[in-house]
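Student: Here it is, the structure, as structure tokens.
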Amino acid sequence: MDLVPKEKLLYLMKIYSEAYSFEAVVPICATTRKGLDILQNEIVQLLPNGPRYYEEDEYTDQTTRQIIEEIIREKALRFLKDEVPHGIYVELEKFKTGKTMKNERIFNIEGVIYTNKESHKGIIIGKNGQMLKKIAIASRQDIENRLGEKVNLKIWVKVREGWQEKQSILQKFKS
């Protein structure tokens with residue numbers, strides 16, 4: 001559509017429409033994306049209704065626990081950058097609801113960041129615990145946004161050598 005004059009474009013659309021049984025012919029401009037919204041609407045209208053496999057508000061098949069573990073892992077990897085090359089995984093040891101002193105609901109969450117090397121443990125914790133604190137604060141904020149509730153988050157760091165060879169742990173990353 002970008003390079004073809006309008007008259008020739010209309011002629012080509014007519015020729016193709018006569019030659020093939022298209023449901024619609026929608027020209028799209030690659031540079032301005034003009035016509036893309038029309039194409040999307042055409043596709044949506046032509047999609048057949050199918051069975052609903054999940055509730056309307058379900059957007060993943062992951063459990064809340066799995067999502068929280070992944071949030072903590074993502075924050076750790078983001079802040080640690082190349083210092084600990086993906087040699088970590090996270091497990092929640094506690095995930096319970098409780099009440100604050102103001103009788104508001106709060107999630108009490110305790111997790112462990114596991115690393116496969118003793119030398120990585122110190123890097124994850126950081127000087128005076130500053131890196132772990134940074135990971136925990138960012139994780140808590142993200143978790144609170146997702147849950148819509150207050151969160152009390154505690155995170156520890158432990159070494160579990162050879163975890164990358166344990167099928168039970170690796171299975172978590174496949175789901």
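Residue names in the structure tokens use chain letters A, B, ... in the order shown, residue numbers from 1 in each chain, and ligand numbers from 1 in the order shown.
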Tell me, which residues of region 31-117 of chain A carry DSSP helix (DSSP H, G or I), written as a count of residues only?
Tutor: 28
Student: When you look at Lys158 (chain A) with a cut-off of 9 Å (counting only C-alpha atoms), what residues show up, excluding the ones that are within fewer than 4 positions of it in the same chain? I need them as a PDB file with N, CA and C atoms, in the first residue's frame.
Tutor:
ATOM      1  N   VAL A 112      12.616 -18.201  50.029  1.00  0.00           N
ATOM      2  CA  VAL A 112      14.053 -18.461  50.038  1.00  0.00           C
ATOM      3  C   VAL A 112      14.567 -18.347  48.612  1.00  0.00           C
ATOM      4  N   ILE A 113      15.631 -17.576  48.452  1.00  0.00           N
ATOM      5  CA  ILE A 113      16.354 -17.549  47.189  1.00  0.00           C
ATOM      6  C   ILE A 113      17.467 -18.571  47.324  1.00  0.00           C
ATOM      7  N   TYR A 114      17.410 -19.612  46.507  1.00  0.00           N
ATOM      8  CA  TYR A 114      18.448 -20.637  46.518  1.00  0.00           C
ATOM      9  C   TYR A 114      19.455 -20.355  45.417  1.00  0.00           C
ATOM     10  N   THR A 115      20.715 -20.504  45.762  1.00  0.00           N
ATOM     11  CA  THR A 115      21.794 -20.387  44.791  1.00  0.00           C
ATOM     12  C   THR A 115      22.622 -21.659  44.843  1.00  0.00           C
ATOM     13  N   ASN A 116      23.332 -21.929  43.781  1.00  0.00           N
ATOM     14  CA  ASN A 116      24.103 -23.172  43.767  1.00  0.00           C
ATOM     15  C   ASN A 116      25.551 -22.989  44.224  1.00  0.00           C
ATOM     16  N   GLU A 118      28.226 -21.029  47.182  1.00  0.00           N
ATOM     17  CA  GLU A 118      28.403 -20.266  48.420  1.00  0.00           C
ATOM     18  C   GLU A 118      28.851 -18.842  48.115  1.00  0.00           C
ATOM     19  N   LYS A 121      25.992 -16.442  47.432  1.00  0.00           N
ATOM     20  CA  LYS A 121      25.141 -16.073  48.568  1.00  0.00           C
ATOM     21  C   LYS A 121      25.475 -14.663  49.055  1.00  0.00           C
TER      22      LYS A 121
END
Student: Choose the residue, out of A:Lys81, A:Lys127, A:Lys150, A:Arg140, that has the smallest atom-to-atom separation from Arg105 (chain A); count only C-alpha atoms.
Tutor: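 Between A:Lys81, A:Lys127, A:Lys150, A:Arg140, the residue approaching Arg105 (chain A) most closely is A:Lys150.
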Student: Lys133 (chain A): which residues within 10 Å, counting only C-alpha atoms, same-chain residues fewer than 6 positions away excluded, as a ChimeraX atom specification?
Tutor: /A:124-126,139,154-155
Student: Tell me, as an mmCIF file with C-alpha atoms, in the first residue's frame, which residues lie within 12 Å of Glu91 (chain A), counting only C-alpha atoms; anything in the same chain fewer than 6 positions away does not count.
Tutor:
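Final output, saved to selection_34.cif:
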data_model
loop_
_atom_site.group_PDB
_atom_site.id
_atom_site.type_symbol
_atom_site.label_atom_id
_atom_site.label_comp_id
_atom_site.auth_asym_id
_atom_site.auth_seq_id
_atom_site.Cartn_x
_atom_site.Cartn_y
_atom_site.Cartn_z
ATOM 1 C CA ARG A 65 2.535 -18.945 44.779
ATOM 2 C CA GLN A 66 4.295 -19.615 41.465
ATOM 3 C CA ILE A 67 3.726 -16.052 40.316
ATOM 4 C CA ILE A 68 5.156 -14.663 43.563
ATOM 5 C CA GLU A 69 8.186 -16.942 43.313
ATOM 6 C CA GLU A 70 8.771 -15.714 39.783
ATOM 7 C CA ILE A 71 8.375 -12.058 40.828
ATOM 8 C CA ILE A 72 11.074 -12.474 43.482
ATOM 9 C CA ARG A 73 13.337 -14.327 41.027
ATOM 10 C CA ILE A 109 5.008 -14.455 52.799
ATOM 11 C CA GLU A 110 8.369 -16.049 53.487
ATOM 12 C CA GLY A 111 10.598 -17.118 50.634
ATOM 13 C CA VAL A 112 14.053 -18.461 50.038
ATOM 14 C CA ILE A 113 16.354 -17.549 47.189
ATOM 15 C CA TYR A 114 18.448 -20.637 46.518
ATOM 16 C CA THR A 115 21.794 -20.387 44.791
ATOM 17 C CA LYS A 154 10.653 -11.969 54.335
ATOM 18 C CA ILE A 155 13.361 -13.425 52.112
ATOM 19 C CA TRP A 156 16.359 -15.572 53.014
ATOM 20 C CA VAL A 157 19.248 -16.784 50.894
ATOM 21 C CA LYS A 158 20.452 -20.382 51.083
ATOM 22 C CA ARG A 160 21.662 -25.697 47.517
ATOM 23 C CA ILE A 169 13.170 -28.387 40.953
ATOM 24 C CA LYS A 172 8.848 -25.942 38.258
ATOM 25 C CA PHE A 173 10.293 -24.042 35.305
#
Student: Could you go through chain A and tell me which residues DSSP, when run on the backbone, assigns to strand (DSSP E), listing them as number ranges by chain?
Tutor: A: 88-99, 105-115, 150-159
Student: Those same residues - C-alpha atoms - I'd like them written as a PDB file, in the first residue's frame.
Tutor:
ATOM      1  CA  ILE A  88      19.048 -19.045  41.423  1.00  0.00           C
ATOM      2  CA  TYR A  89      15.538 -20.244  42.061  1.00  0.00           C
ATOM      3  CA  VAL A  90      12.934 -19.206  44.604  1.00  0.00           C
ATOM      4  CA  GLU A  91      10.609 -21.217  46.827  1.00  0.00           C
ATOM      5  CA  LEU A  92       7.954 -19.888  49.137  1.00  0.00           C
ATOM      6  CA  GLU A  93       8.026 -21.490  52.565  1.00  0.00           C
ATOM      7  CA  LYS A  94       5.057 -19.564  53.945  1.00  0.00           C
ATOM      8  CA  PHE A  95       2.047 -17.997  52.264  1.00  0.00           C
ATOM      9  CA  LYS A  96      -0.714 -17.143  54.701  1.00  0.00           C
ATOM     10  CA  THR A  97      -3.200 -14.376  55.217  1.00  0.00           C
ATOM     11  CA  GLY A  98      -3.490 -12.546  58.492  1.00  0.00           C
ATOM     12  CA  LYS A  99      -4.691  -9.263  59.965  1.00  0.00           C
ATOM     13  CA  ARG A 105      -5.959  -8.225  55.623  1.00  0.00           C
ATOM     14  CA  ILE A 106      -2.259  -8.852  55.009  1.00  0.00           C
ATOM     15  CA  PHE A 107      -0.345 -11.618  53.251  1.00  0.00           C
ATOM     16  CA  ASN A 108       2.537 -13.033  55.291  1.00  0.00           C
ATOM     17  CA  ILE A 109       5.008 -14.455  52.799  1.00  0.00           C
ATOM     18  CA  GLU A 110       8.369 -16.049  53.487  1.00  0.00           C
ATOM     19  CA  GLY A 111      10.598 -17.118  50.634  1.00  0.00           C
ATOM     20  CA  VAL A 112      14.053 -18.461  50.038  1.00  0.00           C
ATOM     21  CA  ILE A 113      16.354 -17.549  47.189  1.00  0.00           C
ATOM     22  CA  TYR A 114      18.448 -20.637  46.518  1.00  0.00           C
ATOM     23  CA  THR A 115      21.794 -20.387  44.791  1.00  0.00           C
ATOM     24  CA  LYS A 150      -0.686  -5.430  51.930  1.00  0.00           C
ATOM     25  CA  VAL A 151       2.219  -7.863  52.052  1.00  0.00           C
ATOM     26  CA  ASN A 152       4.717  -8.704  54.780  1.00  0.00           C
ATOM     27  CA  LEU A 153       7.602 -10.290  52.849  1.00  0.00           C
ATOM     28  CA  LYS A 154      10.653 -11.969  54.335  1.00  0.00           C
ATOM     29  CA  ILE A 155      13.361 -13.425  52.112  1.00  0.00           C
ATOM     30  CA  TRP A 156      16.359 -15.572  53.014  1.00  0.00           C
ATOM     31  CA  VAL A 157      19.248 -16.784  50.894  1.00  0.00           C
ATOM     32  CA  LYS A 158      20.452 -20.382  51.083  1.00  0.00           C
ATOM     33  CA  VAL A 159      22.909 -22.510  49.139  1.00  0.00           C
TER      34      VAL A 159
END
Student: When you draw a straight line from CA of Cys29 (chain A) to CA of Leu9 (chain A), how long is it in Å?
Tutor: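 For CA of Cys29 (chain A) relative to CA of Leu9 (chain A), the distance reads 11.7 Å.
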Student: Which is closer to Ile137 (chain A) than all the others in A:Lys14, A:Phe79, A:Glu104, A:Ile123, using only C-alpha atoms?
Tutor: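 Using only C-alpha atoms, the shortest distance to Ile137 (chain A) belongs to A:Phe79.
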Student: Rounded to one decimal in Å, what is the spacing between CA of Leu10 (chain A) and CA of Ile43 (chain A)?
Tutor: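 About the pair CA of Leu10 (chain A) and CA of Ile43 (chain A): they are 21.1 Å apart.
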